[in-house]
Each structure stands twice: as C-alpha cells, then as structure tokens.
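Coordinates from protein31.csv are shown below (CSV, C-alpha atoms).
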```csv
chain,number,residue,atom,x,y,z
A,1,MET,CA,89.9,-75.5,-50.6
A,2,LEU,CA,86.9,-75.4,-48.4
A,3,LEU,CA,83.6,-76.8,-49.4
A,4,ARG,CA,80.6,-74.8,-48.2
A,5,ASN,CA,77.0,-75.7,-47.9
A,6,LYS,CA,75.3,-72.5,-49.0
A,7,LYS,CA,71.8,-73.7,-47.9
A,8,GLY,CA,73.1,-74.5,-44.4
A,9,ASP,CA,74.8,-71.1,-44.2
A,10,LYS,CA,71.5,-69.4,-44.8
A,11,VAL,CA,69.6,-71.4,-42.1
A,12,PHE,CA,72.5,-70.9,-39.7
A,13,ALA,CA,72.5,-67.1,-40.4
A,14,PHE,CA,68.8,-66.9,-39.6
A,15,TRP,CA,69.2,-68.6,-36.2
A,16,TRP,CA,72.3,-66.5,-35.5
A,17,ILE,CA,70.2,-63.3,-36.1
A,18,PHE,CA,67.3,-64.7,-34.0
A,19,ILE,CA,69.6,-65.4,-31.1
A,20,TRP,CA,71.1,-61.9,-31.2
A,21,ILE,CA,67.6,-60.4,-31.3
A,22,VAL,CA,66.6,-62.5,-28.2
A,23,VAL,CA,69.8,-61.5,-26.3
A,24,ALA,CA,69.4,-57.8,-27.1
A,25,GLY,CA,65.7,-57.9,-26.1
A,26,ALA,CA,66.6,-59.6,-22.8
A,27,ILE,CA,69.2,-56.9,-22.1
A,28,ILE,CA,66.8,-54.1,-22.9
A,29,LEU,CA,64.0,-55.6,-20.8
A,30,SER,CA,66.4,-56.1,-17.9
A,31,VAL,CA,67.7,-52.6,-18.0
A,32,ASN,CA,64.1,-51.1,-18.2
A,33,VAL,CA,62.9,-53.2,-15.3
A,34,PHE,CA,65.9,-52.2,-13.1
A,35,TYR,CA,65.7,-48.5,-13.9
A,36,SER,CA,61.9,-48.3,-13.5
A,37,ALA,CA,62.1,-49.4,-9.9
A,38,PRO,CA,60.9,-46.6,-7.5
A,39,VAL,CA,63.4,-45.1,-5.1
A,40,ASP,CA,62.1,-44.2,-1.7
A,41,VAL,CA,64.7,-43.4,0.9
A,42,ARG,CA,62.5,-41.1,3.1
A,43,GLY,CA,62.6,-43.5,6.1
A,44,ALA,CA,66.4,-43.9,5.9
A,45,GLU,CA,66.9,-40.1,5.6
A,46,ALA,CA,64.7,-39.5,8.6
A,47,GLU,CA,66.6,-42.1,10.7
A,48,MET,CA,70.0,-40.8,9.7
A,49,LEU,CA,69.0,-37.2,10.5
A,50,ASN,CA,67.6,-38.3,13.9
A,51,LYS,CA,70.8,-40.2,14.7
A,52,LYS,CA,73.0,-37.2,13.6
A,53,ILE,CA,71.0,-34.8,15.9
A,54,LEU,CA,71.0,-37.2,18.9
A,55,ASP,CA,74.8,-37.8,18.5
A,56,CYS,CA,75.3,-34.1,18.4
A,57,VAL,CA,73.2,-33.0,21.4
A,58,ILE,CA,74.0,-36.1,23.7
A,59,GLU,CA,77.5,-36.9,24.7
A,60,ASN,CA,78.3,-39.8,27.0
A,61,GLY,CA,74.8,-39.8,28.4
A,62,PHE,CA,74.9,-36.0,29.1
A,63,LEU,CA,73.1,-33.2,27.3
A,64,ILE,CA,75.9,-31.1,25.8
A,65,GLU,CA,76.8,-27.9,27.5
A,66,GLY,CA,75.1,-24.8,26.0
A,67,PHE,CA,72.0,-26.5,24.8
A,68,ASP,CA,69.1,-24.1,25.2
A,69,GLU,CA,66.5,-22.3,23.0
A,70,ASN,CA,69.2,-20.4,21.2
A,71,PHE,CA,71.2,-23.5,20.3
A,72,ASN,CA,72.3,-23.4,16.7
A,73,VAL,CA,71.7,-27.0,15.5
A,74,PHE,CA,72.9,-26.3,12.0
A,75,GLU,CA,76.2,-25.0,13.1
A,76,LYS,CA,76.9,-27.4,16.0
A,77,CYS,CA,75.7,-30.5,14.2
A,78,LYS,CA,77.0,-29.6,10.8
A,79,ILE,CA,73.6,-29.9,9.0
A,80,SER,CA,72.8,-27.7,6.0
A,81,GLU,CA,70.1,-25.2,6.8
A,82,LYS,CA,69.4,-24.8,3.1
A,83,VAL,CA,67.9,-28.3,2.9
A,84,PHE,CA,65.3,-27.4,5.4
A,85,GLY,CA,64.3,-24.3,3.5
A,86,GLU,CA,63.3,-26.4,0.5
A,87,GLY,CA,60.5,-28.0,2.5
A,88,GLY,CA,61.4,-31.7,2.4
A,89,PHE,CA,62.8,-32.2,5.9
A,90,TYR,CA,61.7,-31.4,9.5
A,91,PHE,CA,63.1,-31.9,12.9
A,92,ARG,CA,62.0,-31.1,16.5
A,93,ILE,CA,64.2,-31.4,19.6
A,94,SER,CA,62.2,-31.4,22.8
A,95,VAL,CA,63.8,-31.6,26.2
A,96,PHE,CA,61.6,-32.5,29.1
A,97,ASP,CA,62.0,-32.5,32.8
A,98,GLU,CA,61.3,-36.1,33.7
A,99,LYS,CA,59.5,-35.3,37.0
A,100,ASN,CA,56.7,-33.2,35.7
A,101,MET,CA,57.3,-33.6,31.9
A,102,LYS,CA,57.5,-29.8,31.6
A,103,ILE,CA,59.1,-28.7,28.3
A,104,TYR,CA,62.6,-27.3,29.0
A,105,SER,CA,63.5,-26.5,25.5
A,106,ASP,CA,61.9,-26.9,22.1
A,107,ILE,CA,63.8,-26.4,18.9
A,108,PHE,CA,62.3,-27.1,15.5
A,109,LYS,CA,62.9,-26.3,11.8
A,110,GLY,CA,61.3,-27.1,8.5
A,111,VAL,CA,57.8,-27.7,7.3
A,112,VAL,CA,55.9,-29.0,10.3
A,113,PHE,CA,55.1,-32.7,9.6
A,114,GLU,CA,54.0,-33.7,13.1
A,115,THR,CA,50.3,-34.3,12.1
A,116,GLU,CA,51.4,-36.4,9.2
A,117,CYS,CA,53.8,-38.3,11.4
A,118,LYS,CA,51.0,-39.2,13.8
A,119,LEU,CA,48.8,-40.3,10.9
A,120,THR,CA,51.5,-42.6,9.5
A,121,GLU,CA,51.5,-44.5,12.8
A,122,ASP,CA,48.0,-45.8,11.9
A,123,LYS,CA,48.7,-48.7,9.6
A,124,ASN,CA,45.2,-48.7,8.1
A,125,LEU,CA,45.6,-45.4,6.3
A,126,GLU,CA,47.1,-45.1,2.9
A,127,THR,CA,50.2,-42.9,3.6
A,128,LYS,CA,52.1,-43.3,0.4
A,129,TYR,CA,52.7,-39.6,-0.1
A,130,PHE,CA,53.1,-38.7,3.6
A,131,PRO,CA,56.6,-38.1,5.0
A,132,GLU,CA,58.5,-40.9,6.7
A,133,CYS,CA,59.2,-40.1,10.4
A,134,SER,CA,61.6,-41.2,13.0
A,135,LYS,CA,61.1,-40.5,16.7
A,136,VAL,CA,63.6,-41.4,19.4
A,137,SER,CA,63.6,-40.5,23.1
A,138,ARG,CA,66.6,-40.8,25.4
A,139,ASP,CA,66.9,-40.3,29.1
A,140,VAL,CA,70.1,-38.3,29.9
A,141,VAL,CA,71.6,-36.2,32.6
A,142,ASN,CA,71.9,-32.4,32.5
A,143,VAL,CA,74.3,-30.5,34.6
A,144,LYS,CA,72.7,-27.1,35.6
A,145,ASP,CA,74.0,-24.9,38.3
A,146,GLY,CA,76.2,-27.7,39.6
A,147,LYS,CA,73.2,-30.1,40.0
A,148,PHE,CA,72.6,-33.2,38.1
A,149,ASN,CA,69.1,-33.4,36.6
A,150,LYS,CA,67.6,-36.4,34.8
A,151,ILE,CA,65.9,-35.2,31.7
A,152,ARG,CA,64.4,-36.7,28.5
A,153,VAL,CA,65.5,-35.7,25.1
A,154,GLU,CA,63.0,-36.4,22.3
A,155,VAL,CA,64.0,-36.0,18.7
A,156,LEU,CA,61.4,-36.2,15.9
A,157,THR,CA,62.6,-36.1,12.3
A,158,ALA,CA,60.8,-36.4,9.0
A,159,SER,CA,61.7,-36.6,5.4
A,160,ASN,CA,59.3,-36.0,2.5
A,161,GLN,CA,61.9,-36.2,-0.3
A,162,ILE,CA,60.0,-38.4,-2.6
A,163,GLY,CA,62.5,-40.0,-5.0
A,164,GLY,CA,62.0,-40.6,-8.6
A,165,ARG,CA,63.1,-43.5,-10.6
A,166,LEU,CA,66.6,-44.8,-11.0
```

This entry written out as structure tokens:
Amino acid sequence: MLLRNKKGDKVFAFWWIFIWIVVAGAIILSVNVFYSAPVDVRGAEAEMLNKKILDCVIENGFLIEGFDENFNVFEKCKISEKVFGEGGFYFRISVFDEKNMKIYSDIFKGVVFETECKLTEDKNLETKYFPECSKVSRDVVNVKDGKFNKIRVEVLTASNQIGGRL
C-alpha cells in the first residue's frame, strides 16, 4: 500500500502545469520567429539566371554557333518564357566587337529593369523594393566567315520576385 502526500501532489501538479506552459510557449515563440523571417532570393535568382544564360551561349570560350538577333534563348537555354511574361525577371545579352565596342547583337526580354539596376549600384540609396541585378562580361572568340574574332559577351539579369514570409 502506497502512502501519498496529498498536499505535495497539489504543489507538484502546479509546477508540472507551469513547466508545460513554459515549454509550449517557447515552442510557439520559436516557430513564430522562424516563420516570420523575410525571404529574399532575388540576388540568387538573378545570379543563377545569369550563369545559365552564359553557360548556354558560351561554350569552351567560343560563342555558340547560330547566335544572332533571332537566337531563341528560351528554347536553346531551356528557360521558361512564361516566367518573363509575369514581369518579375529580365535579361539582356549584348555582344560587342572588342575593337570599337560596336553592338553586334542585343537580345532582351522581360520588364526593363536596367535603370533600377544602375540605381542599386549606388549604396546610398534605399533600394529595398528594387530588383536585384547580376551583370557579367566575358571575352570570347567568335568564328565568322572562317575568321576568329575576339568579342565581349555581356549578360545583365534581374529579378524582382519579392518573396513573402516562410
């Protein structure tokens, strides 16, 4: 037969309930803090898009064959054109002749974010709601009419897909 201290059980039950409330409160607070963190992947999206386009149009230091004004970036690079129609992404591929910097070819798609990209370079401006941009230039070789020409490929990409909360 067990002897029980009824007064001690009541005190112990109070502390047990108090501990459960503190643990539950800590869990709820932790989850709320974690899921209220803002998600901003615009910079990563712009860099990934830039890398994908560069890898598509440059192969082993050469501009791919068939690159011109009619080049279908979406088909050749396996990029969804639908995403650009929604207004959150932009890209521009410019190919320059390195001698006189004349534009050979200029392909772009999406809402034009070039002005905003130039403004985000100025670190003194508040650009929280501007797109994140990625600009990369590569010097490559182009074979045209059996001649090797040194050219510069410049790719500017931007993403303005402002994420929500987790």

Per residue of segment 26-119 of chain A within 8 Å of segment 145-159 of chain A, note the shortest atom pair and the distance in Å to one decimal, counting all atoms listed in the file, and order the rows by chain and increasing residue number, as CSV.
```
residue,atom,partner,partner_atom,distance
A:Arg42,CA,A:Ser159,CA,5.1
A:Gly43,CA,A:Ser159,CA,7.0
A:Glu45,CA,A:Ser159,CA,6.3
A:Ala46,CA,A:Ala158,CA,5.0
A:Glu47,CA,A:Thr157,CA,7.4
A:Leu49,CA,A:Thr157,CA,6.7
A:Asn50,CA,A:Thr157,CA,5.7
A:Ile53,CA,A:Val155,CA,7.6
A:Leu54,CA,A:Val155,CA,7.1
A:Gly88,CA,A:Ser159,CA,5.8
A:Phe89,CA,A:Ser159,CA,4.6
A:Tyr90,CA,A:Ala158,CA,5.1
A:Phe91,CA,A:Thr157,CA,4.3
A:Arg92,CA,A:Leu156,CA,5.2
A:Ile93,CA,A:Val155,CA,4.7
A:Ser94,CA,A:Glu154,CA,5.1
A:Val95,CA,A:Val153,CA,4.6
A:Phe96,CA,A:Arg152,CA,5.1
A:Asp97,CA,A:Ile151,CA,4.9
A:Glu98,CA,A:Ile151,CA,5.1
A:Phe113,CA,A:Ala158,CA,6.8
A:Cys117,CA,A:Ala158,CA,7.6
```

Please tabulate, as JSON lines, the residues of segment 63-122 of chain A that come within 8 Å of segment 135-144 of chain A, each with its closest pair of atoms and the distance in Å to one decimal, counting all atoms listed in the file and ordering rows by chain, then residue number upward.
```
{"residue": "A:Leu63", "atom": "CA", "partner": "A:Asn142", "partner_atom": "CA", "distance": 5.4}
{"residue": "A:Ile64", "atom": "CA", "partner": "A:Asn142", "partner_atom": "CA", "distance": 7.9}
{"residue": "A:Glu65", "atom": "CA", "partner": "A:Val143", "partner_atom": "CA", "distance": 8.0}
```

In Å to one decimal, how far is atom CA of Gly87 of chain A from atom CA of Tyr35 of chain A? 26.8 Å

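Atom CA of Val112 of chain A sits 20.2 Å away from atom CA of Cys77 of chain A.
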
Find the distance between atom CA of Phe62 of chain A and atom CA of Lys78 of chain A and write it in Å to one decimal. 19.5 Å

Which one is closest to Ala44 of chain A: A:Gly66, A:Gly25, A:Pro131, A:Gly61? Count only C-alpha atoms.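 Using only C-alpha atoms, the shortest distance to Ala44 of chain A belongs to A:Pro131.
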
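Considering the residues A:Ala24, A:Val39, A:Gly110, A:Gln161 and counting only C-alpha atoms, Ser80 of chain A has its shortest atom-to-atom contact with A:Gly110.
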
Hey, which of A:Val83, A:Glu59, A:Val41, A:Phe67 ends up closest to Cys133 of chain A? Count only C-alpha atoms.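 The shortest atom-to-atom distance to Cys133 of chain A comes from A:Val41.
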
Just segment 30-165 of chain A from the block, C-alpha atoms, as a CSV table (one decimal), in the first residue's frame, could you?
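Done, and the output landed in part-v7.csv:
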```csv
chain,number,residue,atom,x,y,z
A,30,SER,CA,10.3,29.8,-31.7
A,31,VAL,CA,8.1,28.7,-34.6
A,32,ASN,CA,6.7,32.3,-34.9
A,33,VAL,CA,10.2,33.8,-35.0
A,34,PHE,CA,11.3,31.3,-37.6
A,35,TYR,CA,8.3,31.6,-39.9
A,36,SER,CA,8.2,35.4,-39.8
A,37,ALA,CA,11.7,35.8,-41.3
A,38,PRO,CA,11.5,37.5,-44.6
A,39,VAL,CA,12.6,35.5,-47.7
A,40,ASP,CA,14.5,37.4,-50.3
A,41,VAL,CA,16.2,35.3,-53.0
A,42,ARG,CA,16.2,38.0,-55.8
A,43,GLY,CA,20.0,38.2,-55.9
A,44,ALA,CA,20.4,34.4,-56.0
A,45,GLU,CA,17.8,34.2,-58.8
A,46,ALA,CA,19.5,36.9,-60.8
A,47,GLU,CA,22.9,35.2,-60.5
A,48,MET,CA,21.5,31.7,-61.4
A,49,LEU,CA,19.8,33.1,-64.4
A,50,ASN,CA,23.0,34.9,-65.5
A,51,LYS,CA,25.1,31.8,-65.1
A,52,LYS,CA,22.5,29.7,-67.0
A,53,ILE,CA,22.5,32.1,-69.9
A,54,LEU,CA,26.3,32.4,-70.0
A,55,ASP,CA,26.7,28.6,-69.9
A,56,CYS,CA,24.2,28.4,-72.8
A,57,VAL,CA,25.7,30.9,-75.2
A,58,ILE,CA,29.4,30.4,-74.4
A,59,GLU,CA,31.0,27.0,-75.0
A,60,ASN,CA,34.7,26.4,-74.3
A,61,GLY,CA,35.5,30.1,-74.7
A,62,PHE,CA,33.6,30.4,-78.0
A,63,LEU,CA,30.3,32.0,-78.8
A,64,ILE,CA,28.0,29.2,-79.8
A,65,GLU,CA,27.2,28.8,-83.5
A,66,GLY,CA,24.0,30.4,-84.6
A,67,PHE,CA,23.9,33.2,-82.1
A,68,ASP,CA,22.4,36.2,-83.7
A,69,GLU,CA,19.4,38.6,-83.3
A,70,ASN,CA,17.0,35.7,-84.0
A,71,PHE,CA,18.5,33.4,-81.4
A,72,ASN,CA,15.8,31.8,-79.3
A,73,VAL,CA,17.2,31.9,-75.8
A,74,PHE,CA,14.2,30.2,-74.2
A,75,GLU,CA,14.4,27.2,-76.5
A,76,LYS,CA,18.2,26.8,-76.6
A,77,CYS,CA,18.8,27.5,-72.9
A,78,LYS,CA,15.7,25.7,-71.6
A,79,ILE,CA,14.3,28.8,-69.8
A,80,SER,CA,10.5,29.2,-69.4
A,81,GLU,CA,9.3,32.2,-71.3
A,82,LYS,CA,6.1,32.3,-69.2
A,83,VAL,CA,8.1,33.5,-66.2
A,84,PHE,CA,9.3,36.6,-68.1
A,85,GLY,CA,5.7,37.4,-69.1
A,86,GLU,CA,4.7,37.8,-65.4
A,87,GLY,CA,7.1,40.8,-65.0
A,88,GLY,CA,9.5,39.6,-62.3
A,89,PHE,CA,12.5,38.7,-64.4
A,90,TYR,CA,14.6,40.4,-67.1
A,91,PHE,CA,17.7,39.6,-69.1
A,92,ARG,CA,19.8,41.3,-71.8
A,93,ILE,CA,22.5,39.6,-73.8
A,94,SER,CA,24.7,42.1,-75.6
A,95,VAL,CA,27.6,41.1,-77.8
A,96,PHE,CA,30.2,43.7,-78.6
A,97,ASP,CA,33.1,43.9,-81.1
A,98,GLU,CA,36.0,44.5,-78.8
A,99,LYS,CA,37.9,46.8,-81.2
A,100,ASN,CA,35.3,49.5,-81.5
A,101,MET,CA,32.7,48.3,-78.9
A,102,LYS,CA,30.0,48.3,-81.6
A,103,ILE,CA,27.0,46.2,-80.6
A,104,TYR,CA,26.8,43.1,-82.7
A,105,SER,CA,23.7,41.6,-81.2
A,106,ASP,CA,21.3,42.7,-78.5
A,107,ILE,CA,18.7,40.3,-77.1
A,108,PHE,CA,16.4,41.1,-74.2
A,109,LYS,CA,13.2,40.0,-72.6
A,110,GLY,CA,11.1,41.0,-69.6
A,111,VAL,CA,10.3,44.2,-67.9
A,112,VAL,CA,13.2,46.5,-68.5
A,113,PHE,CA,15.0,46.9,-65.1
A,114,GLU,CA,18.2,48.5,-66.4
A,115,THR,CA,17.6,51.9,-64.8
A,116,GLU,CA,16.8,50.3,-61.5
A,117,CYS,CA,19.9,48.1,-61.8
A,118,LYS,CA,22.1,51.2,-62.2
A,119,LEU,CA,20.4,52.8,-59.2
A,120,THR,CA,21.1,49.8,-57.0
A,121,GLU,CA,24.8,50.2,-57.6
A,122,ASP,CA,24.6,53.4,-55.5
A,123,LYS,CA,24.9,52.1,-52.0
A,124,ASN,CA,23.5,55.4,-50.5
A,125,LEU,CA,20.0,54.8,-52.0
A,126,GLU,CA,17.3,52.8,-50.2
A,127,THR,CA,16.7,50.1,-52.8
A,128,LYS,CA,14.7,47.6,-50.8
A,129,TYR,CA,12.0,47.2,-53.4
A,130,PHE,CA,14.2,47.4,-56.4
A,131,PRO,CA,15.2,44.4,-58.4
A,132,GLU,CA,18.5,42.6,-57.6
A,133,CYS,CA,20.8,42.5,-60.6
A,134,SER,CA,23.7,40.5,-61.9
A,135,LYS,CA,26.0,41.7,-64.6
A,136,VAL,CA,28.8,39.6,-66.1
A,137,SER,CA,31.1,40.2,-69.1
A,138,ARG,CA,33.2,37.6,-70.8
A,139,ASP,CA,35.7,37.9,-73.6
A,140,VAL,CA,35.2,35.1,-76.0
A,141,VAL,CA,36.1,34.1,-79.6
A,142,ASN,CA,33.6,34.1,-82.4
A,143,VAL,CA,34.1,32.3,-85.6
A,144,LYS,CA,32.5,34.1,-88.5
A,145,ASP,CA,33.3,33.5,-92.2
A,146,GLY,CA,36.3,31.4,-91.2
A,147,LYS,CA,37.8,34.2,-89.2
A,148,PHE,CA,38.4,34.3,-85.4
A,149,ASN,CA,37.1,37.5,-83.9
A,150,LYS,CA,37.5,38.5,-80.2
A,151,ILE,CA,34.3,39.7,-78.8
A,152,ARG,CA,32.7,40.6,-75.5
A,153,VAL,CA,29.5,39.0,-74.3
A,154,GLU,CA,27.7,40.9,-71.6
A,155,VAL,CA,24.7,39.4,-69.7
A,156,LEU,CA,22.6,41.5,-67.4
A,157,THR,CA,19.9,39.7,-65.4
A,158,ALA,CA,17.5,41.0,-62.8
A,159,SER,CA,14.9,39.5,-60.5
A,160,ASN,CA,12.2,41.4,-58.7
A,161,GLN,CA,10.3,38.4,-57.3
A,162,ILE,CA,9.9,39.7,-53.8
A,163,GLY,CA,9.3,36.7,-51.5
A,164,GLY,CA,6.9,36.6,-48.7
A,165,ARG,CA,7.4,35.0,-45.4
```
